[in-house]
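The data block below is target_14.txt; it holds compact mmCIF, C-alpha atoms.
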# COMPACT_ATOMS: atom_id res chain seq x y z
CA MET P 563 0.00 0.00 0.00
CA ILE P 564 2.72 2.46 1.01
CA ARG P 565 6.46 2.27 0.48
CA THR P 566 9.09 4.92 1.06
CA GLU P 567 12.67 4.83 -0.13
CA GLN P 568 15.24 7.01 1.63
CA LEU P 569 12.48 9.54 2.33
CA VAL P 570 13.67 12.83 3.80
CA ALA P 571 10.70 15.04 4.68
CA GLY P 572 10.20 18.43 6.28
CA TRP P 573 8.15 21.60 6.28
CA GLN P 574 10.53 24.48 5.47
CA GLN P 575 13.69 22.34 5.53
CA PRO P 576 14.60 18.64 5.85
CA ALA P 577 13.52 17.40 9.30
CA THR P 578 13.94 13.63 9.13
CA ALA P 579 16.69 11.14 8.57
CA PRO P 580 16.27 9.00 5.41
CA LEU P 581 13.46 6.54 6.03
CA ASN P 582 12.54 3.26 4.39
CA LEU P 583 9.20 1.83 5.28
CA SER P 584 6.74 -0.59 3.80
CA LEU P 585 3.13 -1.09 4.79
CA SER P 586 0.76 -3.80 3.61
CA THR P 587 -2.95 -4.42 4.16
CA GLY P 588 -3.73 -5.68 7.64
CA GLN P 589 -0.56 -4.26 9.22
CA ILE P 590 -0.11 -1.77 12.04
CA LEU P 591 3.19 0.08 11.83
CA GLY P 592 4.43 2.06 14.83
CA LEU P 593 6.72 5.09 14.54
CA THR P 594 8.39 6.07 17.79
CA GLY P 595 11.38 8.10 18.87
CA PRO P 596 12.21 11.24 20.81
CA ASN P 597 10.67 14.66 20.14
CA GLY P 598 11.89 16.43 17.03
CA VAL P 599 12.93 13.43 14.93
CA GLY P 600 10.07 14.08 12.49
CA LYS P 601 7.47 11.43 13.31
CA SER P 602 4.52 13.73 12.60
CA THR P 603 6.37 15.15 9.60
CA ILE P 604 6.47 11.68 8.04
CA LEU P 605 2.67 11.48 8.33
CA GLY P 606 2.46 14.96 6.82
CA ALA P 607 4.62 13.91 3.88
CA LEU P 608 2.50 10.81 3.22
CA THR P 609 -0.62 12.99 2.92
CA GLY P 610 1.13 15.61 0.78
CA ARG P 611 1.12 18.36 3.42
CA ALA P 612 4.83 18.24 4.23
CA LYS P 613 7.53 18.46 1.60
CA CYS P 614 9.49 15.45 0.36
CA PHE P 615 13.08 16.78 0.05
CA SER P 616 14.65 13.60 -1.22
CA GLY P 617 13.85 9.95 -1.65
CA GLU P 618 10.51 8.63 -2.88
CA ILE P 619 7.02 7.85 -1.67
CA HIS P 620 5.09 5.15 -3.50
CA LEU P 621 1.37 5.04 -2.79
CA ARG P 622 -0.93 2.44 -4.31
CA PRO P 623 -3.10 4.17 -6.97
CA ASN P 624 -6.35 5.59 -5.60
CA LEU P 625 -5.21 4.94 -2.04
CA ARG P 626 -7.56 6.62 0.45
CA LEU P 627 -5.85 8.02 3.54
CA ALA P 628 -7.35 9.29 6.77
CA LEU P 629 -5.21 11.42 9.08
CA GLN P 630 -5.67 12.22 12.75
CA THR P 631 -3.33 15.00 13.85
CA GLN P 632 -2.45 16.19 17.34
CA ASP P 633 -4.43 19.40 16.77
CA VAL P 634 -7.59 19.60 18.86
CA PRO P 635 -10.61 19.98 16.54
CA PRO P 636 -12.04 23.49 17.04
CA VAL P 637 -15.45 22.54 18.42
CA ASP P 638 -15.69 24.91 21.40
CA GLY P 639 -18.84 26.99 21.00
CA LEU P 640 -19.88 25.00 17.93
CA PRO P 641 -23.34 23.39 18.00
CA LEU P 642 -22.20 20.04 16.61
CA SER P 643 -23.31 16.73 18.11
CA GLY P 644 -21.22 13.57 18.31
CA LYS P 645 -23.52 11.86 15.84
CA GLU P 646 -23.03 14.70 13.36
CA LEU P 647 -19.24 14.53 13.79
CA LEU P 648 -19.23 10.84 12.85
CA ALA P 649 -21.53 11.53 9.89
CA LEU P 650 -19.02 14.07 8.55
CA THR P 651 -16.38 11.40 7.93
CA GLN P 652 -18.99 8.67 7.32
CA ALA P 653 -17.70 6.79 10.37
CA SER P 654 -19.98 4.21 11.93
CA PRO P 655 -20.72 4.50 15.67
CA GLU P 656 -20.79 0.69 15.85
CA GLY P 657 -18.13 -0.50 18.28
CA LEU P 658 -17.92 2.71 20.31
CA PRO P 659 -17.59 2.18 24.06
CA PRO P 660 -20.90 2.52 25.99
CA TRP P 661 -19.64 5.64 27.80
CA LEU P 662 -19.53 7.42 24.44
CA LEU P 663 -22.41 5.73 22.68
CA GLU P 664 -24.90 7.17 25.15
CA ARG P 665 -23.53 10.69 24.66
CA LEU P 666 -23.65 10.84 20.87
CA ASP P 667 -26.59 13.25 20.84
CA GLN P 668 -24.75 15.75 23.05
CA ARG P 669 -22.80 18.71 21.72
CA LEU P 670 -19.10 17.99 21.48
CA ASP P 671 -18.22 20.97 23.66
CA LYS P 672 -20.33 19.46 26.47
CA LEU P 673 -18.18 16.32 26.57
CA SER P 674 -15.04 15.90 28.66
CA GLY P 675 -11.67 16.41 26.97
CA GLY P 676 -11.03 12.65 26.88
CA GLN P 677 -14.48 11.83 25.48
CA ARG P 678 -14.14 14.53 22.83
CA HIS P 679 -10.67 13.30 21.87
CA TYR P 680 -11.81 9.70 21.53
CA LEU P 681 -14.82 10.64 19.42
CA SER P 682 -12.69 12.85 17.13
CA LEU P 683 -10.22 9.98 16.84
CA TRP P 684 -13.01 7.48 16.16
CA ALA P 685 -14.38 9.66 13.35
CA ILE P 686 -11.02 9.34 11.57
CA LEU P 687 -10.30 5.73 12.54
CA GLN P 688 -13.63 4.50 11.15
CA ALA P 689 -13.72 6.79 8.09
CA PRO P 690 -13.73 4.98 4.74
CA ALA P 691 -9.97 4.74 4.13
CA ASP P 692 -7.38 2.17 3.14
CA VAL P 693 -4.68 3.54 5.44
CA VAL P 694 -5.32 5.36 8.71
CA LEU P 695 -2.56 7.63 10.03
CA LEU P 696 -2.76 8.35 13.76
CA ASP P 697 -0.61 10.90 15.57
CA GLU P 698 -0.38 10.33 19.34
CA PRO P 699 -3.84 8.75 19.59
CA THR P 700 -3.47 7.84 23.28
CA ASN P 701 -3.09 11.48 24.39
CA ASN P 702 -5.88 12.39 26.85
CA LEU P 703 -7.09 8.77 27.08
CA ASP P 704 -7.48 6.94 30.38
CA THR P 705 -6.72 3.24 30.80
CA ALA P 706 -10.19 2.16 29.63
CA GLY P 707 -9.94 4.39 26.56
CA THR P 708 -6.46 3.11 25.69
CA GLU P 709 -7.57 -0.53 26.03
CA HIS P 710 -10.63 0.09 23.87
CA LEU P 711 -8.48 1.82 21.24
CA ALA P 712 -6.07 -1.12 21.09
CA THR P 713 -8.98 -3.48 20.36
CA ALA P 714 -10.49 -1.07 17.81
CA LEU P 715 -7.16 -0.80 15.93
CA ARG P 716 -6.88 -4.57 15.66
CA GLN P 717 -10.46 -4.82 14.41
CA ARG P 718 -9.88 -2.05 11.88
CA VAL P 719 -6.98 -3.86 10.21
CA VAL P 720 -8.83 -7.18 10.25
CA HIS P 721 -11.41 -5.49 8.02
CA GLY P 722 -8.83 -4.67 5.35
CA ALA P 723 -7.16 -1.41 6.34
CA ALA P 724 -3.61 -0.65 7.45
CA ILE P 725 -2.51 1.77 10.15
CA ILE P 726 0.56 3.90 10.80
CA LEU P 727 0.74 4.96 14.40
CA VAL P 728 2.96 7.69 15.83
CA SER P 729 3.24 7.52 19.60
CA HIS P 730 5.41 8.19 22.61
CA ASP P 731 3.58 5.44 24.48
CA ASP P 732 6.06 2.59 24.04
CA ALA P 733 3.89 0.07 25.90
CA PHE P 734 0.90 0.82 23.67
CA VAL P 735 3.00 0.68 20.51
CA SER P 736 4.54 -2.67 21.36
CA ALA P 737 1.14 -4.07 22.35
CA VAL P 738 -0.69 -3.21 19.12
CA CYS P 739 1.90 -2.84 16.34
CA ASP P 740 3.12 -5.59 14.03
CA GLN P 741 6.24 -3.62 13.15
CA VAL P 742 7.94 -0.72 14.94
CA LEU P 743 10.39 1.83 13.53
CA VAL P 744 12.32 3.84 16.09
CA LEU P 745 13.26 7.13 14.45
CA LYS P 746 16.48 8.78 15.49
CA GLY P 747 18.02 12.07 14.57
CA VAL P 748 20.12 10.86 11.71
CA SER P 749 19.13 7.23 11.17
CA HIS P 750 16.58 4.67 12.24
CA VAL P 751 16.67 1.08 13.33
CA GLY P 752 13.95 -1.50 12.74
CA MET D 1287 -49.76 45.70 5.40
CA TRP D 1288 -51.09 43.13 2.94
CA ASP D 1289 -51.46 45.67 0.13
CA ASP D 1290 -49.08 45.10 -2.79
CA ILE D 1291 -47.20 48.20 -1.78
CA PHE D 1292 -46.10 46.50 1.44
CA LEU D 1293 -46.53 42.84 0.53
CA ILE D 1294 -43.79 42.82 -2.11
CA PRO D 1295 -41.21 44.48 0.17
CA PHE D 1296 -42.28 42.14 2.99
CA LEU D 1297 -41.84 39.00 0.88
CA THR D 1298 -38.52 40.22 -0.52
CA GLY D 1299 -37.18 40.81 2.98
CA LEU D 1300 -38.62 37.53 4.25
CA CYS D 1301 -36.63 35.54 1.69
CA LEU D 1302 -33.46 37.22 2.94
CA ALA D 1303 -34.51 36.82 6.59
CA LEU D 1304 -34.52 33.05 6.01
CA ALA D 1305 -31.30 32.88 3.97
CA LEU D 1306 -29.07 35.34 5.86
CA PRO D 1307 -29.14 33.61 9.29
CA ILE D 1308 -28.27 30.28 7.65
CA LEU D 1309 -25.42 31.94 5.79
CA GLY D 1310 -24.41 33.55 9.10
CA CYS D 1311 -24.08 30.12 10.74
CA PHE D 1312 -21.51 29.12 8.12
CA LEU D 1313 -19.68 32.46 8.39
CA ARG D 1314 -19.53 32.00 12.17
CA LEU D 1315 -18.34 28.40 11.72
CA ARG D 1316 -15.48 29.73 9.59
CA ASP D 1317 -14.78 32.67 11.94
CA GLU D 1318 -15.67 34.95 9.04
CA TRP D 1319 -18.60 36.94 10.42
CA LEU D 1320 -16.74 40.13 9.49
CA ALA D 1321 -17.34 39.06 5.88
CA ALA D 1322 -20.95 40.21 6.24
CA LEU D 1323 -19.86 43.81 6.71
CA ALA D 1324 -17.04 43.56 4.20
CA TYR D 1325 -19.14 42.26 1.29
CA ALA D 1326 -21.94 44.70 2.18
CA HIS D 1327 -19.58 47.68 1.92
CA VAL D 1328 -18.02 46.38 -1.29
CA ALA D 1329 -21.51 45.87 -2.77
CA ALA D 1330 -22.49 49.41 -1.76
CA ALA D 1331 -19.36 50.83 -3.39
CA GLY D 1332 -19.95 48.75 -6.52
CA ALA D 1333 -23.57 49.92 -6.76
CA LEU D 1334 -22.54 53.57 -6.46
CA LEU D 1335 -19.73 53.14 -8.97
CA ALA D 1336 -22.19 51.55 -11.43
CA LEU D 1337 -24.65 54.39 -10.92
CA VAL D 1338 -21.97 56.96 -11.67
CA GLY D 1339 -20.95 54.94 -14.74
CA GLY D 1340 -24.52 54.74 -16.02
CA ILE D 1341 -25.01 51.02 -15.27
CA ALA D 1342 -27.76 49.51 -13.11
CA PRO D 1343 -26.63 49.71 -9.43
CA ALA D 1344 -27.75 46.12 -8.79
CA ILE D 1345 -25.34 44.85 -11.44
CA GLY D 1346 -22.50 46.93 -10.01
CA GLY D 1347 -23.21 45.85 -6.44
CA MET D 1348 -23.42 42.16 -7.20
CA GLY D 1349 -20.50 42.30 -9.61
CA ALA D 1350 -18.21 44.01 -7.09
CA ALA D 1351 -19.17 41.61 -4.29
CA ALA D 1352 -18.73 38.58 -6.56
CA LEU D 1353 -15.31 39.83 -7.64
CA ALA D 1354 -14.30 40.31 -4.00
CA GLY D 1355 -15.60 36.86 -3.01
CA ALA D 1356 -13.94 35.04 -5.88
CA GLY D 1357 -10.73 37.09 -5.86
CA LYS D 1358 -10.05 36.81 -2.12
CA ARG D 1359 -8.54 33.35 -2.58
CA PHE D 1360 -5.67 34.67 -4.71
CA PHE D 1361 -4.44 36.84 -1.84
CA SER D 1362 -5.17 34.34 0.95
CA LYS D 1363 -1.51 33.88 1.95
CA ARG D 1364 -0.90 37.61 2.33
CA LEU D 1365 -4.29 38.30 3.88
CA ALA D 1366 -4.63 35.55 6.48
CA GLY D 1367 -6.46 35.92 9.79
CA GLY D 1368 -9.45 37.93 8.52
CA ALA D 1369 -7.27 40.73 7.10
CA ALA D 1370 -8.97 40.30 3.70
CA PHE D 1371 -12.37 41.19 5.15
CA ALA D 1372 -11.05 44.15 7.14
CA LEU D 1373 -9.38 45.56 4.01
CA LEU D 1374 -12.46 44.94 1.85
CA LEU D 1375 -14.61 46.68 4.45
CA LEU D 1376 -12.31 49.69 4.62
CA GLY D 1377 -11.88 49.88 0.85
CA GLY D 1378 -15.60 49.55 0.17
CA TRP D 1379 -16.50 52.14 2.80
CA ALA D 1380 -13.85 54.62 1.58
CA LEU D 1381 -14.87 54.32 -2.06
CA ALA D 1382 -18.59 54.61 -1.24
CA VAL D 1383 -18.10 57.73 0.90
CA LEU D 1384 -15.88 59.38 -1.72
CA LEU D 1385 -18.40 58.67 -4.48
CA ALA D 1386 -21.29 59.93 -2.35
CA ALA D 1387 -19.33 63.08 -1.50
CA ASN D 1388 -18.62 63.91 -5.13
CA GLN D 1389 -21.74 62.78 -6.99
CA PRO D 1390 -25.23 64.03 -5.95
CA LEU D 1391 -26.93 60.94 -7.41
CA ALA D 1392 -24.56 58.65 -5.58
CA GLU D 1393 -25.17 60.50 -2.33
CA ARG D 1394 -28.89 59.67 -2.40
CA LEU D 1395 -28.32 56.03 -3.27
CA GLY D 1396 -25.53 55.84 -0.71
CA HIS D 1397 -27.88 56.87 2.07
CA ALA D 1398 -30.47 54.38 0.85
CA LEU D 1399 -27.92 51.54 0.81
CA PHE D 1400 -26.52 52.20 4.24
CA ASP D 1401 -29.89 52.95 5.89
CA GLY D 1402 -31.87 50.31 4.02
CA GLN D 1403 -34.60 50.79 1.45
CA LEU D 1404 -36.81 47.79 2.10
CA TYR D 1405 -40.12 49.67 1.72
CA PHE D 1406 -39.06 50.80 -1.75
CA SER D 1407 -38.33 47.26 -2.98
CA GLY D 1408 -40.33 46.49 -6.08
CA SER D 1409 -41.24 43.31 -7.88
CA ASP D 1410 -37.97 43.52 -9.88
CA ASN D 1411 -36.08 43.10 -6.63
CA LEU D 1412 -38.32 40.23 -5.50
CA TYR D 1413 -37.76 38.40 -8.80
CA LEU D 1414 -34.01 38.65 -8.14
CA VAL D 1415 -34.06 37.78 -4.42
CA LEU D 1416 -36.60 34.92 -4.46
CA PRO D 1417 -34.84 32.65 -7.00
CA TRP D 1418 -31.46 33.45 -5.46
CA CYS D 1419 -32.66 32.41 -2.00
CA LEU D 1420 -34.33 29.31 -3.44
CA PHE D 1421 -30.93 28.44 -4.89
CA SER D 1422 -28.63 29.55 -2.07
CA ILE D 1423 -30.37 27.82 0.86
CA PRO D 1424 -30.18 24.31 -0.68
CA ALA D 1425 -26.68 25.13 -1.97
CA LEU D 1426 -25.55 25.91 1.58
CA ALA D 1427 -27.13 22.69 2.83
CA TRP D 1428 -25.24 20.83 0.09
CA LEU D 1429 -21.93 22.49 1.03
CA SER D 1430 -22.55 21.96 4.74
CA ARG D 1431 -20.64 18.68 5.18
CA GLN D 1432 -17.62 19.91 3.23
CA LEU D 1433 -17.49 23.22 5.08
CA LEU D 1434 -17.72 21.46 8.45
CA LEU D 1435 -15.01 19.00 7.41
CA ALA D 1436 -12.74 21.81 6.20
CA ARG D 1437 -13.12 23.49 9.59
CA ILE D 1438 -12.91 20.50 11.93
CA TYR D 1439 -10.56 18.25 10.00
CA PRO D 1440 -8.61 20.66 7.75
CA ASP D 1441 -6.30 17.80 6.71
CA TYR D 1442 -9.15 15.58 5.53
CA PHE D 1443 -9.12 16.93 1.99
CA HIS D 1444 -5.33 16.65 1.69
CA ALA D 1445 -5.39 13.09 2.97
CA GLN D 1446 -8.12 12.08 0.54
CA HIS D 1447 -6.36 13.96 -2.30
CA LEU D 1448 -9.44 16.14 -2.78
CA PRO D 1449 -9.18 19.85 -3.66
CA VAL D 1450 -10.74 22.07 -1.01
CA TRP D 1451 -10.70 25.29 -3.06
CA PRO D 1452 -13.91 24.64 -5.06
CA VAL D 1453 -15.81 24.30 -1.77
CA VAL D 1454 -14.29 27.42 -0.22
CA SER D 1455 -14.49 29.55 -3.35
CA GLY D 1456 -18.04 28.40 -4.03
CA PHE D 1457 -19.01 29.40 -0.52
CA ASP D 1458 -17.24 32.77 -0.79
CA LEU D 1459 -19.10 33.55 -4.01
CA LEU D 1460 -22.42 32.46 -2.53
CA ALA D 1461 -21.83 34.61 0.56
CA ALA D 1462 -20.75 37.65 -1.46
CA LEU D 1463 -23.77 37.57 -3.78
CA THR D 1464 -26.28 36.92 -0.98
CA LEU D 1465 -24.85 39.80 1.05
CA ALA D 1466 -24.85 42.09 -1.98
CA LEU D 1467 -28.56 41.40 -2.49
CA ALA D 1468 -29.20 41.92 1.22
CA THR D 1469 -27.38 45.26 1.18
CA MET D 1470 -29.43 46.51 -1.73
CA THR D 1471 -32.66 45.43 -0.03
CA LEU D 1472 -32.23 45.67 3.75
CA GLY D 1473 -29.26 48.01 3.92
CA VAL D 1474 -25.80 47.31 5.32
CA MET D 1475 -26.77 47.07 8.99
CA GLY D 1476 -30.16 45.42 8.49
CA GLY D 1477 -28.44 42.62 6.59
CA PHE D 1478 -25.63 42.41 9.14
CA ALA D 1479 -28.12 42.08 12.02
CA LEU D 1480 -29.68 39.02 10.35
CA VAL D 1481 -26.31 37.48 9.55
CA PHE D 1482 -24.86 38.00 13.01
CA VAL D 1483 -27.51 37.83 15.75
CA PRO D 1484 -29.53 34.63 15.04
CA PRO D 1485 -26.36 32.50 14.59
CA TRP D 1486 -24.89 34.03 17.76
CA ILE D 1487 -28.00 32.91 19.69
CA VAL D 1488 -28.19 29.40 18.27
CA PHE D 1489 -24.47 28.70 18.58
CA ARG D 1490 -24.96 29.14 22.31
CA ARG D 1491 -28.23 27.25 22.60
CA ALA D 1492 -28.73 24.68 19.83
CA ARG D 1493 -28.00 21.00 20.46
CA SER D 1494 -26.87 20.14 16.95
CA TRP D 1495 -25.74 21.70 13.69
CA ARG D 1496 -28.94 20.73 11.91
CA SER D 1497 -31.13 22.31 14.60
CA SER D 1498 -28.95 25.43 14.65
CA LEU D 1499 -29.57 26.02 10.94
CA PHE D 1500 -33.32 25.57 11.39
CA LEU D 1501 -33.53 27.70 14.54
CA SER D 1502 -31.44 30.53 13.14
CA ALA D 1503 -33.74 30.76 10.09
CA LEU D 1504 -36.76 30.67 12.40
CA ILE D 1505 -35.38 33.44 14.64
CA GLY D 1506 -34.49 35.47 11.55
CA ALA D 1507 -37.96 35.12 10.05
CA LEU D 1508 -39.85 35.82 13.30
CA GLY D 1509 -37.61 38.77 14.19
CA TYR D 1510 -37.97 40.14 10.69
CA GLY D 1511 -41.77 39.81 10.72
CA ALA D 1512 -42.07 41.51 14.10
CA ALA D 1513 -39.66 44.30 13.12
CA PHE D 1514 -41.51 44.90 9.86
CA ALA D 1515 -44.85 45.25 11.68
CA ILE D 1516 -43.42 47.48 14.45
CA ALA D 1517 -41.54 49.74 12.04
CA LEU D 1518 -44.58 50.08 9.84
CA GLY D 1519 -46.97 50.64 12.74
CA LEU D 1520 -44.75 53.24 14.42
CA ASP D 1521 -43.55 54.77 11.15
CA GLN D 1522 -39.90 54.10 11.97
CA PRO D 1523 -36.96 53.09 9.72
CA PHE D 1524 -36.89 49.30 9.40
CA GLY D 1525 -33.16 48.54 9.82
CA PRO D 1526 -32.66 50.02 13.31
CA VAL D 1527 -35.92 48.48 14.58
CA LEU D 1528 -34.79 45.04 13.34
CA ALA D 1529 -31.35 45.44 14.90
CA LEU D 1530 -32.72 46.53 18.30
CA LEU D 1531 -35.33 43.77 18.33
CA LEU D 1532 -32.79 41.05 17.51
CA ILE D 1533 -30.35 42.39 20.11
CA ALA D 1534 -33.11 42.31 22.75
CA VAL D 1535 -34.09 38.74 21.80
CA GLY D 1536 -30.44 37.73 21.79
CA LEU D 1537 -29.75 39.16 25.23
CA LEU D 1538 -32.83 37.43 26.60
CA ILE D 1539 -32.21 33.92 25.30
CA ALA D 1540 -28.57 33.56 24.29

So, in terms of structure tokens, how does the structure I just supplied come out?
Amino acid sequence: MIRTEQLVAGWQQPATAPLNLSLSTGQILGLTGPNGVGKSTILGALTGRAKCFSGEIHLRPNLRLALQTQDVPPVDGLPLSGKELLALTQASPEGLPPWLLERLDQRLDKLSGGQRHYLSLWAILQAPADVVLLDEPTNNLDTAGTEHLATALRQRVVHGAAIILVSHDDAFVSAVCDQVLVLKGVSHVG
Amino acid sequence: MWDDIFLIPFLTGLCLALALPILGCFLRLRDEWLAALAYAHVAAAGALLALVGGIAPAIGGMGAAALAGAGKRFFSKRLAGGAAFALLLLGGWALAVLLAANQPLAERLGHALFDGQLYFSGSDNLYLVLPWCLFSIPALAWLSRQLLLARIYPDYFHAQHLPVWPVVSGFDLLAALTLALATMTLGVMGGFALVFVPPWIVFRRARSWRSSLFLSALIGALGYGAAFAIALGLDQPFGPVLALLLIAVGLLIA
């Protein structure tokens, strides 16, 4: 589905060491490493937002991507319900935890930070896409949320998608990912 | 009130009273409520310029607003953060005042545009406003999902390799033309009151996006109807009555 060869990506200037990665259907690939090595930039480059300074990105033709960034969706003061948020990305509410399912008719700005984050994440995770790119999905999640997410990720790839996951949460990454790339300043190890 | 002399202006304004609050919800969603004043001033300047040039003011007003709406995108990098609307507002206001100061004909029309000339709307105006509102309300409903996505998940379009500019430019053009028509019918501030106040109320109170669109149109139509009757009954200018009534309703329930 996705393959990169010696990819060096960045916004204004190169921000990553050359990266080779390969992702197939049904796989979950984890990208970890310290701050500033360009984990989020790699996701940006795959979606065409960040610049590819050298190397190559090969995407399967007509590949549909869905990207969850670390930015908090601007829903404060917006009369948008959880159900409407999911409808925007055509995500199904099926499989949501009960503590969110019963709040789908509420406005998003009436939910707690964790509930809002999980729902925003769910809208991307369950959107019609071949590859889902997630940037620090466990931020703001409690233990129950993190456990539910791990199960949801596994179920998502069973149904034919692939996932690239950027996270600082090493325990979560090793629990759910089939393959992990640890990015470093100038090189990476598999 | 139900004589033709008042019925046609009433129906013309009612169409706008339904469309403007819905448009206002999308402008508020995009943090672009200043656009209402900007396009209104540009439309006023365009109408005055057309009058001076011997063209129908309606064509000049709508043409100038459409040009501003469609052209804004080309300067978006330099004019980020609402600067485009502030500059359009200032430019439109300055041009309109200069034209009014130097051309007697333009001065009269200028006053009418800024104060509102609803009671003088004829069937020509209704035949322009009615089909436009019948087009723009469903068009906004059709653009709704894309505009919400562009706001909440700005990376969605990039990730799906879809261009976002047709959605944004289409909306800008729709907003500019609707506000130009509103300016030439309700006046700058009458139109602004309907674009700003009902969405402000429903953004605080509504439980969903769908209900906010419906409620804002309802508040707009009821406020408009009440203001029309009060202004007519007390022989007062319509625009200020509408603005005061909507502010009072807003302070009570928002």

Just to confirm, what's the straight-line distance from atom CA of D:Leu1337 to atom CA of D:Leu1391 in Å (one decimal)?
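Calculated distance between atom CA of D:Leu1337 and atom CA of D:Leu1391 is 7.8 Å.
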
Ref. answer, residues at most 12 Å from (-21.7, 20.6, 15.8) with all atoms listed in the file, as an mmCIF file with C-alpha atoms, keeping the file's coordinate frame:
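Output below, filename part24.cif:
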data_model
loop_
_atom_site.group_PDB
_atom_site.id
_atom_site.type_symbol
_atom_site.label_atom_id
_atom_site.label_comp_id
_atom_site.auth_asym_id
_atom_site.auth_seq_id
_atom_site.Cartn_x
_atom_site.Cartn_y
_atom_site.Cartn_z
ATOM 1 C CA PRO P 635 -10.610 19.980 16.540
ATOM 2 C CA PRO P 636 -12.040 23.490 17.040
ATOM 3 C CA VAL P 637 -15.450 22.540 18.420
ATOM 4 C CA ASP P 638 -15.690 24.910 21.400
ATOM 5 C CA GLY P 639 -18.840 26.990 21.000
ATOM 6 C CA LEU P 640 -19.880 25.000 17.930
ATOM 7 C CA PRO P 641 -23.340 23.390 18.000
ATOM 8 C CA LEU P 642 -22.200 20.040 16.610
ATOM 9 C CA SER P 643 -23.310 16.730 18.110
ATOM 10 C CA GLY P 644 -21.220 13.570 18.310
ATOM 11 C CA LYS P 645 -23.520 11.860 15.840
ATOM 12 C CA GLU P 646 -23.030 14.700 13.360
ATOM 13 C CA LEU P 647 -19.240 14.530 13.790
ATOM 14 C CA LEU P 648 -19.230 10.840 12.850
ATOM 15 C CA ALA P 649 -21.530 11.530 9.890
ATOM 16 C CA LEU P 650 -19.020 14.070 8.550
ATOM 17 C CA LEU P 666 -23.650 10.840 20.870
ATOM 18 C CA ASP P 667 -26.590 13.250 20.840
ATOM 19 C CA GLN P 668 -24.750 15.750 23.050
ATOM 20 C CA ARG P 669 -22.800 18.710 21.720
ATOM 21 C CA LEU P 670 -19.100 17.990 21.480
ATOM 22 C CA ASP P 671 -18.220 20.970 23.660
ATOM 23 C CA LYS P 672 -20.330 19.460 26.470
ATOM 24 C CA ARG P 678 -14.140 14.530 22.830
ATOM 25 C CA SER P 682 -12.690 12.850 17.130
ATOM 26 C CA CYS D 1311 -24.080 30.120 10.740
ATOM 27 C CA PHE D 1312 -21.510 29.120 8.120
ATOM 28 C CA LEU D 1315 -18.340 28.400 11.720
ATOM 29 C CA SER D 1430 -22.550 21.960 4.740
ATOM 30 C CA ARG D 1431 -20.640 18.680 5.180
ATOM 31 C CA LEU D 1433 -17.490 23.220 5.080
ATOM 32 C CA LEU D 1434 -17.720 21.460 8.450
ATOM 33 C CA LEU D 1435 -15.010 19.000 7.410
ATOM 34 C CA ARG D 1437 -13.120 23.490 9.590
ATOM 35 C CA ILE D 1438 -12.910 20.500 11.930
ATOM 36 C CA VAL D 1488 -28.190 29.400 18.270
ATOM 37 C CA PHE D 1489 -24.470 28.700 18.580
ATOM 38 C CA ARG D 1490 -24.960 29.140 22.310
ATOM 39 C CA ARG D 1491 -28.230 27.250 22.600
ATOM 40 C CA ALA D 1492 -28.730 24.680 19.830
ATOM 41 C CA ARG D 1493 -28.000 21.000 20.460
ATOM 42 C CA SER D 1494 -26.870 20.140 16.950
ATOM 43 C CA TRP D 1495 -25.740 21.700 13.690
ATOM 44 C CA ARG D 1496 -28.940 20.730 11.910
ATOM 45 C CA SER D 1497 -31.130 22.310 14.600
ATOM 46 C CA SER D 1498 -28.950 25.430 14.650
ATOM 47 C CA LEU D 1499 -29.570 26.020 10.940
#

Test item: residues at most 12 Å from stretch 704-712 of chain P, all atoms listed in the file, excluding those fewer than 5 positions along its chain, as a PyMOL selection string
chain P and resi 590+657-662+674-681+683-684+687-688+696+698-699+717-719+725+727+731+733-739

Quick one: everything within 12 Å of D:Ala1529, counting all atoms listed in the file, minus sequence neighbours fewer than 5 positions away in the same chain. Send it as a ChimeraX atom specification.
/D:1401-1402,1472-1484,1506,1509-1510,1512-1514,1517,1523-1524,1534-1536

So that I can check the surroundings of P:Leu625, please list as an NGL selection string every protein, DNA and RNA residue that reaches within 8 Å of it, counting all atoms listed in the file and ignoring chain neighbours fewer than 5 positions away.
:P and (563 or 691-693)

Could you jot down the atom CA of P:Thr609 to atom CA of D:Ala1445 separation for me, Å, one decimal place?
4.8 Å

Out of D:Trp1418, D:Tyr1442, D:Phe1292, D:Tyr1405, which residue has the shortest atom-to-atom distance to chain P when counting all atoms listed in the file?
D:Tyr1442

Atom CA of P:Gln652 to atom CA of P:Val694: how many Å, to one decimal?
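Those two atoms sit 14.1 Å apart.
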
With distances taken over only C-alpha atoms, which residue among D:Ala1515, D:Gly1310, D:Leu1528, D:Leu1460 lies nearest D:Phe1421?
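The shortest atom-to-atom distance to D:Phe1421 comes from D:Leu1460.
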
Between D:Asn1388, D:Gln1432, D:Thr1471, D:Ser1422, which is the closest to chain P once you count all atoms listed in the file?
D:Gln1432

For stretch 1372-1380 of chain D: contacts at 12 Å, only C-alpha atoms, fewer than 5 positions along chain excluded, given as a ChimeraX atom specification
/D:1318-1335,1347,1350-1351,1353-1355,1357-1358,1361,1364-1367,1385-1387,1396,1399-1400,1462,1474

Given the choices P:Asn597, P:Cys614, P:Ala714, P:Asp633, which gets closest to P:Pro655 if the distance is worked out from only C-alpha atoms?
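Between P:Asn597, P:Cys614, P:Ala714, P:Asp633, the residue approaching P:Pro655 most closely is P:Ala714.
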